[in-house]
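File shown here: upload.cif, holding mmCIF, C-alpha atoms.
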data_coords
loop_
_atom_site.label_atom_id
_atom_site.label_comp_id
_atom_site.auth_asym_id
_atom_site.auth_seq_id
_atom_site.Cartn_x
_atom_site.Cartn_y
_atom_site.Cartn_z
CA MET B 1450 66.69 51.11 5.55
CA PRO B 1451 65.90 54.47 3.95
CA VAL B 1452 65.15 54.57 0.24
CA GLU B 1453 65.28 57.76 -1.78
CA VAL B 1454 61.98 58.49 -3.50
CA ARG B 1455 61.60 60.99 -6.33
CA ILE B 1456 58.21 62.70 -6.25
CA PRO B 1457 56.54 64.02 -9.42
CA THR B 1458 55.22 67.59 -9.61
CA ILE B 1459 51.59 66.54 -9.26
CA LEU B 1460 52.26 64.87 -5.86
CA ARG B 1461 54.57 67.53 -4.42
CA PRO B 1462 51.70 69.30 -2.63
CA TYR B 1463 51.76 66.24 -0.30
CA THR B 1464 55.49 66.55 0.41
CA GLY B 1465 55.54 70.28 1.05
CA GLY B 1466 57.05 70.80 -2.39
CA ALA B 1467 59.98 68.39 -1.91
CA LYS B 1468 61.20 66.70 -5.10
CA THR B 1469 62.96 63.94 -3.22
CA VAL B 1470 62.00 62.38 0.10
CA GLU B 1471 63.10 59.36 2.13
CA ALA B 1472 60.93 56.49 3.22
CA GLU B 1473 61.43 52.96 4.51
CA GLY B 1474 60.04 49.56 3.83
CA ALA B 1475 60.99 45.98 3.02
CA THR B 1476 58.79 46.07 -0.08
CA ILE B 1477 57.21 48.73 -2.23
CA ALA B 1478 53.87 48.18 -0.49
CA ASP B 1479 55.53 48.78 2.91
CA LEU B 1480 57.28 51.83 1.57
CA VAL B 1481 54.01 53.29 0.28
CA SER B 1482 52.49 52.79 3.77
CA ASP B 1483 55.45 54.56 5.31
CA LEU B 1484 55.19 57.40 2.76
CA ASP B 1485 51.51 57.74 3.56
CA ALA B 1486 52.27 57.92 7.30
CA ARG B 1487 54.76 60.73 6.63
CA TYR B 1488 52.68 62.49 3.96
CA PRO B 1489 49.03 61.65 4.63
CA GLY B 1490 46.96 61.10 1.50
CA ILE B 1491 49.81 60.30 -0.87
CA GLY B 1492 49.29 56.53 -0.52
CA GLU B 1493 45.90 56.39 -2.18
CA ARG B 1494 47.26 58.33 -5.14
CA LEU B 1495 49.74 55.49 -5.71
CA VAL B 1496 47.92 52.26 -4.91
CA ASP B 1497 44.43 50.87 -4.68
CA ASP B 1498 43.14 47.49 -3.49
CA ALA B 1499 44.46 45.83 -6.66
CA GLY B 1500 48.00 47.16 -6.29
CA LEU B 1501 49.67 49.99 -8.16
CA ARG B 1502 47.25 52.34 -9.85
CA ARG B 1503 47.12 51.75 -13.59
CA PHE B 1504 48.42 55.19 -14.54
CA ILE B 1505 51.14 55.52 -11.95
CA ASN B 1506 54.57 54.25 -12.94
CA VAL B 1507 57.03 53.32 -10.21
CA TYR B 1508 60.62 52.59 -11.12
CA LEU B 1509 63.06 50.80 -8.84
CA ASN B 1510 66.40 52.17 -9.92
CA ASP B 1511 65.84 51.98 -13.71
CA GLU B 1512 63.21 49.27 -13.92
CA ASP B 1513 59.42 49.63 -14.02
CA VAL B 1514 58.29 47.61 -10.98
CA ARG B 1515 55.45 46.12 -13.07
CA PHE B 1516 58.17 44.06 -14.71
CA LEU B 1517 59.63 43.12 -11.31
CA GLY B 1518 57.30 42.05 -8.50
CA GLY B 1519 54.82 44.94 -8.51
CA VAL B 1520 54.08 46.20 -4.98
CA GLU B 1521 55.66 43.04 -3.52
CA THR B 1522 59.05 43.95 -5.02
CA ALA B 1523 61.70 43.80 -2.26
CA LEU B 1524 63.81 46.86 -1.51
CA THR B 1525 67.40 46.96 -0.37
CA ASP B 1526 69.64 49.63 1.08
CA GLY B 1527 70.65 52.32 -1.35
CA ASP B 1528 67.77 51.71 -3.75
CA SER B 1529 66.18 54.68 -5.37
CA LEU B 1530 62.58 54.87 -6.39
CA THR B 1531 61.08 57.18 -9.01
CA ILE B 1532 57.36 57.84 -9.26
CA LEU B 1533 56.02 59.18 -12.56
CA PRO B 1534 52.39 59.49 -13.59
CA ALA B 1535 51.81 58.01 -17.03
CA VAL B 1536 51.46 60.53 -19.83
CA ALA B 1537 48.32 59.16 -21.40
CA GLY B 1538 44.89 59.99 -22.71
CA GLY B 1539 42.75 59.45 -25.71
CA ALA B 1540 39.88 60.44 -27.90
CA PRO B 1541 36.31 60.40 -26.68
CA ARG B 1542 34.42 57.26 -27.57
CA GLY B 1543 30.83 56.33 -26.80
CA ASN B 1544 30.19 57.90 -23.42
CA GLY B 1545 33.13 60.22 -23.92
CA ARG B 1546 35.63 58.04 -22.11
CA ALA B 1547 38.37 56.31 -24.06
CA VAL B 1548 38.98 52.71 -23.16
CA PRO B 1549 42.52 52.16 -21.94
CA PRO B 1550 44.21 49.00 -23.13
CA SER B 1551 44.66 46.41 -20.40
CA ALA B 1552 47.69 46.75 -18.14
CA PRO B 1553 50.89 44.91 -19.16
CA MET V 578 48.65 81.94 -23.85
CA LEU V 579 51.05 79.58 -25.58
CA ARG V 580 53.93 81.21 -27.47
CA ILE V 581 55.39 78.72 -29.89
CA SER V 582 57.40 78.75 -33.10
CA ARG V 583 55.91 77.91 -36.48
CA ALA V 584 58.51 75.14 -36.82
CA HIS V 585 57.28 73.45 -33.63
CA VAL V 586 53.63 73.68 -34.70
CA ASP V 587 54.56 72.23 -38.08
CA ALA V 588 56.52 69.42 -36.41
CA MET V 589 53.53 68.43 -34.22
CA VAL V 590 51.21 68.46 -37.23
CA ALA V 591 53.65 66.43 -39.33
CA HIS V 592 53.94 63.85 -36.54
CA ALA V 593 50.15 63.66 -36.19
CA ARG V 594 49.73 63.13 -39.95
CA ALA V 595 52.49 60.53 -40.10
CA ASP V 596 50.90 58.42 -37.33
CA HIS V 597 47.30 58.86 -38.53
CA PRO V 598 44.96 56.97 -37.94
CA ASP V 599 46.73 56.17 -34.66
CA GLU V 600 47.16 58.93 -32.11
CA ALA V 601 50.57 60.62 -32.07
CA CYS V 602 52.08 62.08 -28.90
CA GLY V 603 55.13 63.93 -27.66
CA VAL V 604 56.51 66.88 -25.72
CA ILE V 605 58.32 70.12 -26.29
CA VAL V 606 60.54 70.81 -23.32
CA GLY V 607 62.19 74.03 -22.20
CA PRO V 608 64.23 75.51 -19.35
CA GLU V 609 62.49 75.22 -15.94
CA GLY V 610 60.28 78.21 -15.26
CA SER V 611 60.82 79.72 -18.73
CA ASP V 612 57.50 78.69 -20.35
CA ARG V 613 59.51 78.49 -23.61
CA PRO V 614 59.05 75.34 -25.70
CA GLU V 615 62.52 74.69 -27.15
CA ARG V 616 63.33 71.01 -27.62
CA PHE V 617 60.87 68.96 -29.70
CA ILE V 618 60.68 65.32 -28.63
CA PRO V 619 58.25 63.05 -30.49
CA MET V 620 57.35 60.02 -28.35
CA VAL V 621 56.22 56.54 -29.30
CA ASN V 622 52.55 55.87 -28.60
CA ALA V 623 52.96 52.57 -26.75
CA ALA V 624 49.21 51.94 -27.16
CA ARG V 625 49.41 52.29 -30.98
CA SER V 626 45.72 53.05 -30.99
CA PRO V 627 43.36 55.40 -32.84
CA THR V 628 41.60 56.20 -29.56
CA PHE V 629 44.32 56.08 -26.91
CA TYR V 630 47.88 57.19 -26.32
CA GLU V 631 50.43 56.45 -23.65
CA PHE V 632 54.15 57.19 -23.53
CA ASP V 633 56.15 53.99 -23.26
CA SER V 634 57.12 53.56 -19.59
CA ALA V 635 60.88 53.16 -20.18
CA ASP V 636 60.89 56.13 -22.58
CA LEU V 637 59.02 58.17 -19.96
CA LEU V 638 61.70 57.50 -17.33
CA ARG V 639 64.48 58.43 -19.77
CA LEU V 640 62.66 61.62 -20.73
CA TYR V 641 62.27 62.76 -17.12
CA ARG V 642 65.86 61.82 -16.18
CA ASP V 643 67.10 63.76 -19.17
CA MET V 644 64.98 66.80 -18.29
CA ASP V 645 66.25 66.63 -14.68
CA ASP V 646 69.86 66.60 -15.88
CA ARG V 647 69.27 69.58 -18.16
CA GLU V 648 67.04 71.48 -15.68
CA GLU V 649 64.17 71.37 -18.14
CA GLU V 650 60.47 70.70 -17.82
CA PRO V 651 57.66 69.75 -20.20
CA VAL V 652 56.32 73.04 -21.58
CA VAL V 653 54.04 71.47 -24.20
CA ILE V 654 52.49 67.99 -24.04
CA TYR V 655 50.82 67.22 -27.34
CA HIS V 656 48.75 64.43 -28.80
CA SER V 657 46.40 63.96 -31.72
CA HIS V 658 42.77 63.02 -32.06
CA THR V 659 42.28 61.34 -35.40
CA ALA V 660 38.48 61.19 -35.68
CA THR V 661 37.26 63.83 -33.23
CA GLU V 662 37.83 67.50 -32.44
CA ALA V 663 40.99 68.94 -30.91
CA TYR V 664 39.47 69.21 -27.43
CA PRO V 665 40.53 67.26 -24.31
CA SER V 666 38.46 64.13 -23.67
CA ARG V 667 37.44 63.04 -20.20
CA THR V 668 40.33 60.59 -20.30
CA ASP V 669 42.76 63.36 -21.25
CA ILE V 670 41.51 65.41 -18.32
CA SER V 671 41.63 62.62 -15.77
CA TYR V 672 45.23 61.67 -16.62
CA ALA V 673 46.61 65.20 -17.04
CA SER V 674 49.39 65.41 -14.46
CA GLU V 675 51.47 68.43 -15.42
CA PRO V 676 49.63 71.50 -14.17
CA GLY V 677 52.39 73.74 -15.55
CA ALA V 678 52.21 72.40 -19.10
CA HIS V 679 50.29 73.54 -22.15
CA TYR V 680 48.27 70.59 -23.45
CA VAL V 681 48.16 70.88 -27.24
CA LEU V 682 45.69 68.84 -29.26
CA VAL V 683 45.99 68.32 -32.99
CA SER V 684 43.02 66.93 -34.89
CA THR V 685 43.65 65.14 -38.17
CA ARG V 686 39.97 64.16 -38.58
CA GLU V 687 39.68 66.23 -41.79
CA CYS V 688 43.10 65.88 -43.37
CA GLY V 689 44.03 62.34 -42.34
CA PRO V 690 47.64 61.57 -43.31
CA ASP V 691 47.59 64.18 -46.11
CA GLU V 692 47.85 67.91 -46.55
CA GLY V 693 44.60 69.65 -45.67
CA PRO V 694 42.79 71.38 -42.85
CA VAL V 695 44.10 70.56 -39.39
CA GLU V 696 43.00 71.86 -36.01
CA VAL V 697 45.60 72.85 -33.40
CA ARG V 698 44.37 74.10 -30.01
CA SER V 699 46.01 74.62 -26.63
CA PHE V 700 44.64 74.08 -23.13
CA ARG V 701 45.58 74.25 -19.49
CA ILE V 702 44.31 71.29 -17.50
CA ILE V 703 44.52 71.90 -13.76
CA ASP V 704 42.69 69.86 -11.09
CA GLY V 705 40.33 68.50 -13.71
CA GLU V 706 39.46 71.92 -15.09
CA VAL V 707 40.08 72.72 -18.77
CA THR V 708 40.79 76.25 -19.96
CA GLU V 709 41.46 76.94 -23.62
CA GLU V 710 44.13 79.53 -24.33
CA PRO V 711 45.23 81.43 -27.43
CA ILE V 712 48.27 80.28 -29.40
CA GLU V 713 50.68 82.96 -30.53
CA ILE V 714 53.01 81.87 -33.32
CA VAL V 715 56.41 83.49 -33.01
CA ALA V 716 59.29 83.32 -35.46
#
Here is a file; write its structure as structure tokens.
Amino acid sequence: MPVEVRIPTILRPYTGGAKTVEAEGATIADLVSDLDARYPGIGERLVDDAGLRRFINVYLNDEDVRFLGGVETALTDGDSLTILPAVAGGAPRGNGRAVPPSAP
Amino acid sequence: MLRISRAHVDAMVAHARADHPDEACGVIVGPEGSDRPERFIPMVNAARSPTFYEFDSADLLRLYRDMDDREEEPVVIYHSHTATEAYPSRTDISYASEPGAHYVLVSTRECGPDEGPVEVRSFRIIDGEVTEEPIEIVA
């Protein structure tokens, strides 16, 4: 059940420069494992023990998966996945690190 | 070196003043590989915060889809600091994810929402390393 995955510029060094790759999985978590098997190292850029990394956005078709089931979101044939790092930052504060608001 | 029009610099500054004391953010996109900032796109700061900015996630997807369709890329990614200097913070550096882009910072710490002195500086942020670059204003 291949799913098309769009890879952002910052992660293309893992995919040999490819903008779009295929991977498989019943859920997003499975798909990330499969991606990591094909492109070692990419997995930890996307997820940590708590799920999706805070500043990585993953969209299933047109929907941010945070508003679906997160990494447990089920995938079906013909789905397309887009990965985009958040465009974010902020002013220094205290120790020089801005405090991000809590995740949605 | 960032080559940019006066109109685009003025537009970033106007956006920063309008959103002061919250941080303002946006992009100027241009044809892939051209390094020419052409299309000014102010974005909503979903964090609506004086110390943090983040593009709204749905807006971000639309922006990238649109750029894909037009064969464009982000040439400038700008945001404002409203109480500190126009220099990338550690947070800015850790989240910078477009190695090809010019990161422009506007500081409204002196002028606030009004006319007055404003700092505009441009940086490359690649693999966590910040390099300031000159800005050349073109017509």
Item to check | Expansion of the PyMOL selection byres ((chain V and resi 624-628) around 9) into residues, as a list in words | outcome: Gly1538, Gly1539, Ala1540, Pro1541, Arg1542, Ala1547, Val1548, Pro1549 and Pro1550 of chain B; Asp596, His597, Pro598, Asp599, Glu600, Ala601, Val621, Asn622, Ala623, Phe629, Tyr630, Glu631, Phe632, Asp633, His658, Thr659 and Ala660 of chain V
Next on the checklist: With distances taken over only C-alpha atoms, which residue among V:Pro676, V:Pro614, V:Pro619, V:Pro608 lies nearest chain B?
Outcome noted: V:Pro676
Checklist outcome for this item: Among V:Arg594, V:His679, V:Arg642, V:Arg701, chain B is approached most closely, using only C-alpha atoms, by V:Arg642
Item to check | the PyMOL selection byres ((chain B and resi 1484) around 10) applied to the shown file, residues as JSON, numbers by chain | outcome: {"B": [1454, 1463, 1464, 1470, 1471, 1472, 1473, 1474, 1478, 1479, 1480, 1481, 1482, 1483, 1485, 1486, 1487, 1488, 1489, 1490, 1491, 1492]}
Next on the checklist: Calculated over all atoms listed in the file, which of the candidates B:Leu1509, B:Ala1475, B:Ile1532, B:Leu1524 has the smallest distance to Leu1495 of chain B?
Outcome noted: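 Counting all atoms listed in the file, the residue closest to Leu1495 of chain B is B:Ile1532.
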Which polymer residues have any atom within 9 Å of an atom of Tyr672 of chain V, counting all atoms listed in the file, with same-chain residues fewer than 3 positions away left out, as a PDB file with C-alpha atoms, keeping the file's coordinate frame?
ATOM      1  CA  PHE B1504      48.420  55.190 -14.540  1.00  0.00           C
ATOM      2  CA  PRO B1534      52.390  59.490 -13.590  1.00  0.00           C
ATOM      3  CA  ALA B1535      51.810  58.010 -17.030  1.00  0.00           C
ATOM      4  CA  VAL B1536      51.460  60.530 -19.830  1.00  0.00           C
ATOM      5  CA  ALA B1537      48.320  59.160 -21.400  1.00  0.00           C
ATOM      6  CA  GLY B1538      44.890  59.990 -22.710  1.00  0.00           C
TER       7      GLY B1538
ATOM      8  CA  ARG V 667      37.440  63.040 -20.200  1.00  0.00           C
ATOM      9  CA  THR V 668      40.330  60.590 -20.300  1.00  0.00           C
ATOM     10  CA  ASP V 669      42.760  63.360 -21.250  1.00  0.00           C
ATOM     11  CA  GLY V 705      40.330  68.500 -13.710  1.00  0.00           C
TER      12      GLY V 705
END
Checklist entry - Quick one: which residues end up in the PyMOL selection byres ((chain V and resi 580-587) around 7) for this structure, as a PyMOL selection string? => result chain V and resi 578-579+588-591+614+617+712-716
Item to check | Near-Leu1517 of chain B list (12 Å; only C-alpha atoms; drop same-chain fewer than 5 positions) as a ChimeraX atom specification | outcome: /B:1476-1477,1507-1512,1522-1524,1553
Limited to C-alpha atoms, could you put the picked residues into a file as a tab-separated table (two decimals), keeping the file's coordinate frame?
chain	number	residue	atom	x	y	z
B	1476	THR	CA	58.79	46.07	-0.08
B	1477	ILE	CA	57.21	48.73	-2.23
B	1507	VAL	CA	57.03	53.32	-10.21
B	1508	TYR	CA	60.62	52.59	-11.12
B	1509	LEU	CA	63.06	50.80	-8.84
B	1510	ASN	CA	66.40	52.17	-9.92
B	1511	ASP	CA	65.84	51.98	-13.71
B	1512	GLU	CA	63.21	49.27	-13.92
B	1522	THR	CA	59.05	43.95	-5.02
B	1523	ALA	CA	61.70	43.80	-2.26
B	1524	LEU	CA	63.81	46.86	-1.51
B	1553	PRO	CA	50.89	44.91	-19.16
Checklist outcome for this item: Of V:Ala678, V:Val683, V:Ala635, V:Cys688, the one sitting nearest chain B when using all atoms listed in the file is V:Ala635
Item to check | Among the residues V:Ile702, V:Leu637, V:Ala593, V:Ile618, the one that comes closest to chain B [using all atoms listed in the file] | outcome: V:Leu637
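In this model, the gap between atom CA of Arg1455 of chain B and atom CA of Gly610 of chain V comes to 19.4 Å.
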Checklist entry - From the list V:Asp704, V:Glu675, V:Asp646, V:Glu692, which residue is nearest chain B when using only C-alpha atoms? => result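 That would be V:Glu675, the residue with the smallest distance to chain B.
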Checklist entry - So what do you get for atom CA of Leu1501 of chain B versus atom CA of Val1520 of chain B, distance-wise? => result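 So the answer is 6.6 Å.
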Checklist entry - Do you have the atom CA of Leu682 of chain V-atom CA of Ser699 of chain V distance handy? => result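 So the two atoms, atom CA of Leu682 of chain V and atom CA of Ser699 of chain V, lie 6.4 Å apart.
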Item to check | Close residues, Arg647 of chain V itself excluded, 12 Å, only C-alpha atoms, min 5 positions apart in chain, as a ChimeraX atom specification | outcome: /V:606-609,616,640-642
